[in-house]
Structure formats: structure tokens, C-alpha cells
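*Asks:* This is the structure, below, for whatever I ask next.
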Amino acid sequence: MATYKIMITDGLAEKGKAYLREYGEVIDRTGISPEDLLKEVGEVDALIVRSRTKVNAAVFEAGKRLKVVGRAGIGVDNIDLNAARAAGVTVVNSPLATTVSVAELAMGLMLALVREIPRADASMKQNKWLKKEFEGHELYQKTLGIIGCGRIGSAVAERAQAFGMHVLAFDRFRPKDELCQCSEPVDDLNDLLARSDFLSLHLPLTAETKNLLSHEQFARMKDGVYLINASRGGIVDEEALLAALNSGKVAGAALDVFAVEPPSENNPLVMHPRVICTPHMGAQTHEAQARAGYDIATEVVAALKGEPLRWKCA
Ligand SMILES: NC(=O)C1=CN([C@@H]2O[C@H](COP(=O)(O)OP(=O)(O)OC[C@H]3O[C@@H](n4cnc5c(N)ncnc54)[C@H](O)[C@@H]3O)[C@@H](O)[C@H]2O)C=CC1
Ligand SMILES: O=C(O)CCC(=O)C(=O)O
């Protein structure tokens with residue numbers, strides 16, 4: 001039986017590692033620097049990453065025996081797919097594993113925003129009882145606009161409707177009859193922006209979606225809209241968001257993702273009193289990571305063995 005060398009650079013659940021060990025040597029280099037990755041990637045047949053490791057053209061160039069890159073998770077915006085194709089390296093991901101966790105975080109962020117849960121907790125820890133300051137809003141009967149209604153967007157739509165929200169969905173590539181999880185599919189992003197009390201983003205970062213929400217789009221939104229972004233930072237123009245928060249157009253924003261991660265120290269969005277932040281942790285649950293680790297391990301081994309693949313990205 002062939003013995004493969006498989007490098008892990010951003011951690012992997014034990015179940016995934018155990019599966020990989022049946023087929024080869026697992027080299028756990030979690031946290032490896034970009035420089036060391038370039039030095040060491042030439043020794044391995046497969047590389048398994050999450051979102052931290054940037055698998056750019058230089059990595060493919062240095063990966064002389066590299067056959068497959070596995071992304072334990074969904075977004076492959078940190079992997080240069082063109083460079084992978086040019087180098088003849090297969091790229092796979094594990095897109096089903098983390099849907100529920102991300103959708104649950106989006107719902108949690110929505111509630112945290114309208115009830116100011118983080119600020120209320122912080123005030124209690126300062127021995128303050130500011131009950132009168134914390135008059136929030138209900139989600140009930142509000143309109144939620146979902147941009148990108150695939151796996152996660154649909155799961156959020158389902159959960160939001162259980163809260164009694166009216167859910168609009170815009171998806172550029174999915175026919176309206178596939179958006180059955182929402183209350184009302186819309187054809188026009190501007191229509192969704194104009195009607196939503198809450199906006200939640202669930203689409204990939206691509207050349208087309210970069211800065212999808214910028215000054216012009218914020219101007220089209222309702223005054224006092226709430227924004228939740230647990231997709232990718234680059235989809236929202238951060239400067240435009242800051243301006244919209246400062247003008248009061250946006251009442252509050254909850255951000256799990258940033259254009260640059262981690263964001264710079266004292267980043268004005270992170271520090272903003274009406275912004276709630278989490279460190280890109282949508283998929284960071286025990287359950288999601290156990291599934292993602294196992295799914296990517298089986299998919300990477302299948303790719304190494306030349307077997308049919310379920311989730312080929314390149
Ligand atoms: N915060 C976190 O930890 C996590 C974030 N994510 C992000 O969530 C994104 C969505 O994941 P899934 O729902 O599983 O992907 P998906 O592929 O099932 O759904 C994405 C949807 O976005 C739509 N879309 C693409 N471009 C669009 C555009 N320009 N306008 C409107 N819709 C567009 C697609 O047609 C698709 O239906 C991922 O790409 C990733 O960036 C995923 C996992 C964890
Ligand atoms: O695994 C991670 O680091 C983040 C998860 C994520 O954003 C994704 O799977 O697209």
C-alpha cells in the first residue's frame with residue numbers, strides 16, 4: 001500500500017488525523033510560517049489547510065510532489081485555484097460540514113446586536129445595573145435580507161423564519177424556485193437592500209463579490225439597518241461600513257470576518273461601539289470541526305488514490 005506524506009498546517013480534528021494515519025504519515029505543522037511552508041512543502045504529497053494558510057502560486061511552485069490540497073471547510077479564497085490547475089494539483093474542500101454552525105452563529109450575532117448582549121454583559125462585570133439603557137428590538141416581524149442563499153443562507157432563512165421574520169433572499173446564480181427556504185426570493189439586490197431591516201451575507205469572496213456592499217449600496221439601505229457578516233470580510237467595503245455606522249445609516253454590525261485577518265490593532269471597526277466582533281469562528285464548533293476533519297481526510301485520500309471525488313474545486 002502506498003504511504004503518503006500529508007502535512008496539516010491549521011489543525012485538524014482527531015478523527016480526520018486518525019483516518020489519514022491509515023494511509024500515510026501525518027506531519028502536523030499547525031501554525032507554520034509562510035517561509036517555512038515554502039521550505040517544507042516540497043516533501044509532501046498532500047497539504048490540508050483551513051483559512052489561515054495562504055496557498056499561493058509560490059507554494060504550488062515549491063510543492064514539487066504535491067498532488068492535492070484539502071481545505072477543511074468551505075471557502076477556497078485562500079487557495080490560488082489557477083495556480084493549482086497550472087501545477088496539476090487537485091483542490092478539494094468539505095462544504096457540508098460546517099453549515100449549521102455558521103448559521104447558528106449568524107442567528108446568535110443577530111440577537112446579540114439587537115439586544116446588545118455583549119455590552120450588557122460587560123456592564124454587569126463592571127458592577128453596573130443599566131437595565132434602562134438596554135431597550136432593544138425584536139426580530140419578530142422584521143425583514144431579513146439574505147445575500148447568497150446556498151447552504152448557509154438557506155439554513156439561516158429557515159432559522160429566521162422560526163423567529164417570525166420575513167426573509168428575502170437574493171442569489172445571483174440560483175434560480176428563484178431553488179430559494180424555497182426563504183419567504184420571498186428577489187431578483188434585484190437593490191430591492192432587497194431597500195426593504196431589509198437586517199442583512200446577512202452568505203456568499204463566497206470572488207472578484208465579483210469583492211466590495212459588493214460599498215457606499216452606493218449602503219445609501220440604498222433603510223436607515224437603522226443591522227448588518228451581519230459571517231461570510232468573508234472583503235465582501236463589505238470596510239471604509240464604507242465605518243462611514244455608514246458613523247452616519248447612523250447602519251444601526252449596528254456584527255462581523256465574524258475581516259478583509260485582513262486578524263485585523264490591525266485598534267482597528268476602527270473592531271473598536272466601534274455599535275460593532276460586535278468575533279474572530280472568524282463561524283465554523284469553530286466541536287461538531288463542525290469533527291465533520292470537516294473527517295470529510296476532508298477522506299476526500300484527500302480519495303484524491304491521492306485517484307478515486308472519484310465529491311468536492312473537487314480545481
Ligand atoms: N464565518 C465562517 O467561519 C465561515 C464562512 N463561510 C463563508 O460562507 C460562504 C457561503 O457558504 P455556503 O453557503 O456553504 O456556500 P454555497 O455555495 O452553498 O452558497 C453560496 C451562494 O452564494 C451565491 N452567490 C455567489 N455569488 C453571488 C453574488 N455575486 N450575488 C449573490 N449570490 C451569490 C451562490 O449562487 C450560492 O448559492 C462561503 O463561501 C464562505 O466564504 C463558510 C464557512 C465558515
Ligand atoms: O476553517 C476556518 O478557518 C474558517 C471556516 C471558513 O471560513 C470556511 O470554511 O470557509
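Numbering starts fresh at 1 for the residues of each chain in the C-alpha cells, the chains themselves are lettered A, B, ... in the order given, and ligands are numbered from 1 as they appear.
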Enumerate, as a count of residues only, the complete set of residues in region 7-236 of chain A that a backbone-based DSSP assignment places in strand (DSSP E or B).
*Replies:* 44
*Asks:* Which residues of chain A come within 10 Å of ligand 2, and what is each one's closest atom pair and distance in Å (one decimal), counting only C-alpha atoms and all ligand atoms, sorted by chain and residue number, as CSV?
*Replies:*
```
residue,atom,partner,partner_atom_place_in_ligand_line,distance
A:Asp10,CA,ligand 2,3 (O),7.7
A:Gly11,CA,ligand 2,1 (O),9.4
A:Leu12,CA,ligand 2,1 (O),9.7
A:Val49,CA,ligand 2,1 (O),8.0
A:Arg50,CA,ligand 2,1 (O),4.4
A:Ser51,CA,ligand 2,3 (O),4.0
A:Arg52,CA,ligand 2,3 (O),6.1
A:Thr53,CA,ligand 2,3 (O),8.9
A:Arg71,CA,ligand 2,9 (O),7.7
A:Ala72,CA,ligand 2,1 (O),6.2
A:Gly73,CA,ligand 2,9 (O),3.3
A:Ile74,CA,ligand 2,9 (O),3.6
A:Gly75,CA,ligand 2,10 (O),3.4
A:Val76,CA,ligand 2,10 (O),6.8
A:Asp77,CA,ligand 2,10 (O),8.2
A:Asn78,CA,ligand 2,10 (O),9.3
A:Asn93,CA,ligand 2,9 (O),8.4
A:Ser94,CA,ligand 2,9 (O),7.9
A:Pro95,CA,ligand 2,9 (O),7.3
A:Leu96,CA,ligand 2,9 (O),9.5
A:Ala97,CA,ligand 2,9 (O),8.7
A:Thr98,CA,ligand 2,9 (O),7.0
A:Thr99,CA,ligand 2,9 (O),8.9
A:Val102,CA,ligand 2,5 (C),8.6
A:Leu203,CA,ligand 2,10 (O),9.9
A:Pro204,CA,ligand 2,10 (O),8.2
A:Leu205,CA,ligand 2,10 (O),9.7
A:Ala230,CA,ligand 2,7 (O),8.1
A:Ser231,CA,ligand 2,7 (O),6.9
A:Arg232,CA,ligand 2,7 (O),7.3
A:Asp256,CA,ligand 2,7 (O),9.3
A:Val257,CA,ligand 2,7 (O),8.2
A:Pro279,CA,ligand 2,4 (C),9.6
A:His280,CA,ligand 2,4 (C),6.2
A:Met281,CA,ligand 2,4 (C),6.5
A:Gly282,CA,ligand 2,5 (C),6.5
A:Ala283,CA,ligand 2,5 (C),5.1
A:Gln284,CA,ligand 2,1 (O),7.2
A:Ala288,CA,ligand 2,1 (O),9.5
A:Gln289,CA,ligand 2,1 (O),8.1
A:Ala292,CA,ligand 2,1 (O),8.7
```
*Asks:* Would you list the contacts of region 108-120 of chain A as an MDAnalysis selection string, taking every protein, DNA or RNA residue within 8 Å and counting only C-alpha atoms, but skipping same-chain residues closer than 4 positions in sequence?
*Replies:* chainID A and resid 104 124 130 134:139 226 228 252:254 276
*Asks:* Kindly export the residues of the current selection with N, CA and C atoms, as a PDB file, in the first residue's frame.
*Replies:*
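In the end it all went to again-v8.pdb:
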```pdb
ATOM      1  N   GLU A 104     -25.948  29.064  12.898  1.00  0.00           N
ATOM      2  CA  GLU A 104     -26.259  29.332  14.312  1.00  0.00           C
ATOM      3  C   GLU A 104     -25.509  30.567  14.805  1.00  0.00           C
ATOM      4  N   MET A 124     -22.443  44.539  33.438  1.00  0.00           N
ATOM      5  CA  MET A 124     -22.647  43.764  34.672  1.00  0.00           C
ATOM      6  C   MET A 124     -21.304  43.434  35.331  1.00  0.00           C
ATOM      7  N   LEU A 130     -27.604  48.591  34.309  1.00  0.00           N
ATOM      8  CA  LEU A 130     -28.053  49.630  33.375  1.00  0.00           C
ATOM      9  C   LEU A 130     -29.316  49.214  32.625  1.00  0.00           C
ATOM     10  N   PHE A 134     -30.903  49.356  28.130  1.00  0.00           N
ATOM     11  CA  PHE A 134     -30.917  48.228  27.198  1.00  0.00           C
ATOM     12  C   PHE A 134     -32.310  47.929  26.660  1.00  0.00           C
ATOM     13  N   GLU A 135     -32.899  48.926  26.020  1.00  0.00           N
ATOM     14  CA  GLU A 135     -34.169  48.660  25.353  1.00  0.00           C
ATOM     15  C   GLU A 135     -33.855  48.342  23.882  1.00  0.00           C
ATOM     16  N   GLY A 136     -33.937  47.072  23.539  1.00  0.00           N
ATOM     17  CA  GLY A 136     -33.545  46.648  22.204  1.00  0.00           C
ATOM     18  C   GLY A 136     -34.720  46.526  21.250  1.00  0.00           C
ATOM     19  N   HIS A 137     -34.598  45.605  20.314  1.00  0.00           N
ATOM     20  CA  HIS A 137     -35.669  45.345  19.335  1.00  0.00           C
ATOM     21  C   HIS A 137     -35.903  43.845  19.252  1.00  0.00           C
ATOM     22  N   GLU A 138     -37.096  43.501  18.746  1.00  0.00           N
ATOM     23  CA  GLU A 138     -37.387  42.088  18.469  1.00  0.00           C
ATOM     24  C   GLU A 138     -36.999  41.756  17.029  1.00  0.00           C
ATOM     25  N   LEU A 139     -36.718  40.498  16.802  1.00  0.00           N
ATOM     26  CA  LEU A 139     -36.540  40.029  15.426  1.00  0.00           C
ATOM     27  C   LEU A 139     -37.911  39.777  14.783  1.00  0.00           C
ATOM     28  N   TYR A 226     -29.395  46.714  10.331  1.00  0.00           N
ATOM     29  CA  TYR A 226     -28.364  45.934  11.027  1.00  0.00           C
ATOM     30  C   TYR A 226     -27.696  45.005  10.010  1.00  0.00           C
ATOM     31  N   ILE A 228     -25.051  41.737   9.339  1.00  0.00           N
ATOM     32  CA  ILE A 228     -24.340  40.582   9.904  1.00  0.00           C
ATOM     33  C   ILE A 228     -23.470  39.995   8.789  1.00  0.00           C
ATOM     34  N   GLY A 252     -26.111  48.928  13.599  1.00  0.00           N
ATOM     35  CA  GLY A 252     -25.149  48.046  14.237  1.00  0.00           C
ATOM     36  C   GLY A 252     -24.667  46.999  13.249  1.00  0.00           C
ATOM     37  N   ALA A 253     -23.452  46.539  13.464  1.00  0.00           N
ATOM     38  CA  ALA A 253     -22.915  45.494  12.577  1.00  0.00           C
ATOM     39  C   ALA A 253     -22.285  44.407  13.430  1.00  0.00           C
ATOM     40  N   ALA A 254     -22.444  43.180  12.990  1.00  0.00           N
ATOM     41  CA  ALA A 254     -21.801  42.042  13.658  1.00  0.00           C
ATOM     42  C   ALA A 254     -20.900  41.371  12.639  1.00  0.00           C
ATOM     43  N   ILE A 276     -20.157  44.448  16.868  1.00  0.00           N
ATOM     44  CA  ILE A 276     -19.826  43.249  17.642  1.00  0.00           C
ATOM     45  C   ILE A 276     -18.904  42.402  16.766  1.00  0.00           C
TER      46      ILE A 276
END
```
*Asks:* Find the residues near region 194-197 of chain A: any atom within 10 Å, counting only C-alpha atoms, skip ones fewer than 6 places away on the same chain, and give them as a PDB file with C-alpha atoms, in the first residue's frame.
*Replies:*
```
ATOM      1  CA  LEU A 139     -36.540  40.029  15.426  1.00  0.00           C
ATOM      2  CA  GLN A 141     -41.938  40.516  12.096  1.00  0.00           C
ATOM      3  CA  LYS A 142     -38.773  42.226  10.897  1.00  0.00           C
ATOM      4  CA  THR A 143     -37.445  41.707   7.382  1.00  0.00           C
ATOM      5  CA  LEU A 144     -34.175  39.847   6.954  1.00  0.00           C
ATOM      6  CA  GLY A 145     -32.406  40.127   3.596  1.00  0.00           C
ATOM      7  CA  ILE A 146     -30.087  37.228   2.836  1.00  0.00           C
ATOM      8  CA  HIS A 166     -39.952  37.762   6.836  1.00  0.00           C
ATOM      9  CA  VAL A 167     -36.993  36.515   4.808  1.00  0.00           C
ATOM     10  CA  LEU A 168     -35.979  37.967   1.441  1.00  0.00           C
ATOM     11  CA  GLN A 217     -25.257  50.067  -1.636  1.00  0.00           C
ATOM     12  CA  PHE A 218     -25.238  51.480   1.930  1.00  0.00           C
ATOM     13  CA  ALA A 219     -27.038  54.565   0.614  1.00  0.00           C
ATOM     14  CA  ARG A 220     -29.813  52.312  -0.711  1.00  0.00           C
ATOM     15  CA  MET A 221     -30.395  50.627   2.660  1.00  0.00           C
ATOM     16  CA  LYS A 222     -33.034  51.538   5.224  1.00  0.00           C
ATOM     17  CA  ASP A 223     -31.928  53.937   7.931  1.00  0.00           C
ATOM     18  CA  GLY A 224     -31.028  51.957  11.034  1.00  0.00           C
ATOM     19  CA  VAL A 225     -30.341  48.676   9.241  1.00  0.00           C
ATOM     20  CA  TYR A 226     -28.364  45.934  11.027  1.00  0.00           C
ATOM     21  CA  LEU A 227     -25.626  44.068   9.121  1.00  0.00           C
ATOM     22  CA  VAL A 250     -26.249  51.327   9.916  1.00  0.00           C
ATOM     23  CA  ALA A 251     -27.507  50.892  13.495  1.00  0.00           C
TER      24      ALA A 251
END
```
*Asks:* What separation in Å, quoted to one decimal, exists between CA of His215 (chain A) and CA of Thr278 (chain A)?
*Replies:* 23.9 Å
*Asks:* For the atom pair CA of Phe173 (chain A) and atom 35 (O, counted along the ligand's line) of ligand 1, what is the interatomic distance in Å to one decimal place?
*Replies:* 4.1 Å
*Asks:* Calculate how many Å separate CA of Gly148 (chain A) from atom 34 (C, counted along the ligand's line) of ligand 1, rounding to one decimal.
*Replies:*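 Between CA of Gly148 (chain A) and atom 34 (C, counted along the ligand's line) of ligand 1 the gap works out to 5.3 Å.
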*Asks:* Excluding same-chain residues fewer than 2 positions from Ala297 (chain A), what lies within 9 Å of it counting only C-alpha atoms, as number ranges by chain?
*Replies:* A: 15-20, 48, 70, 72, 292-295, 299-302
*Asks:* Smallest atom-to-atom distance to ligand 1: which of A:Asn82, A:Asn211, A:Ser247, A:Asn267, using only C-alpha atoms and all ligand atoms?
*Replies:*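 So, comparing all the options, the nearest one is A:Asn211.
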*Asks:* Among the residues of region 199-246 of chain A, find those DSSP assigns to alpha helix (DSSP H) from the backbone and print them as a PyMOL selection string.
*Replies:* chain A and resi 215-220+238-246
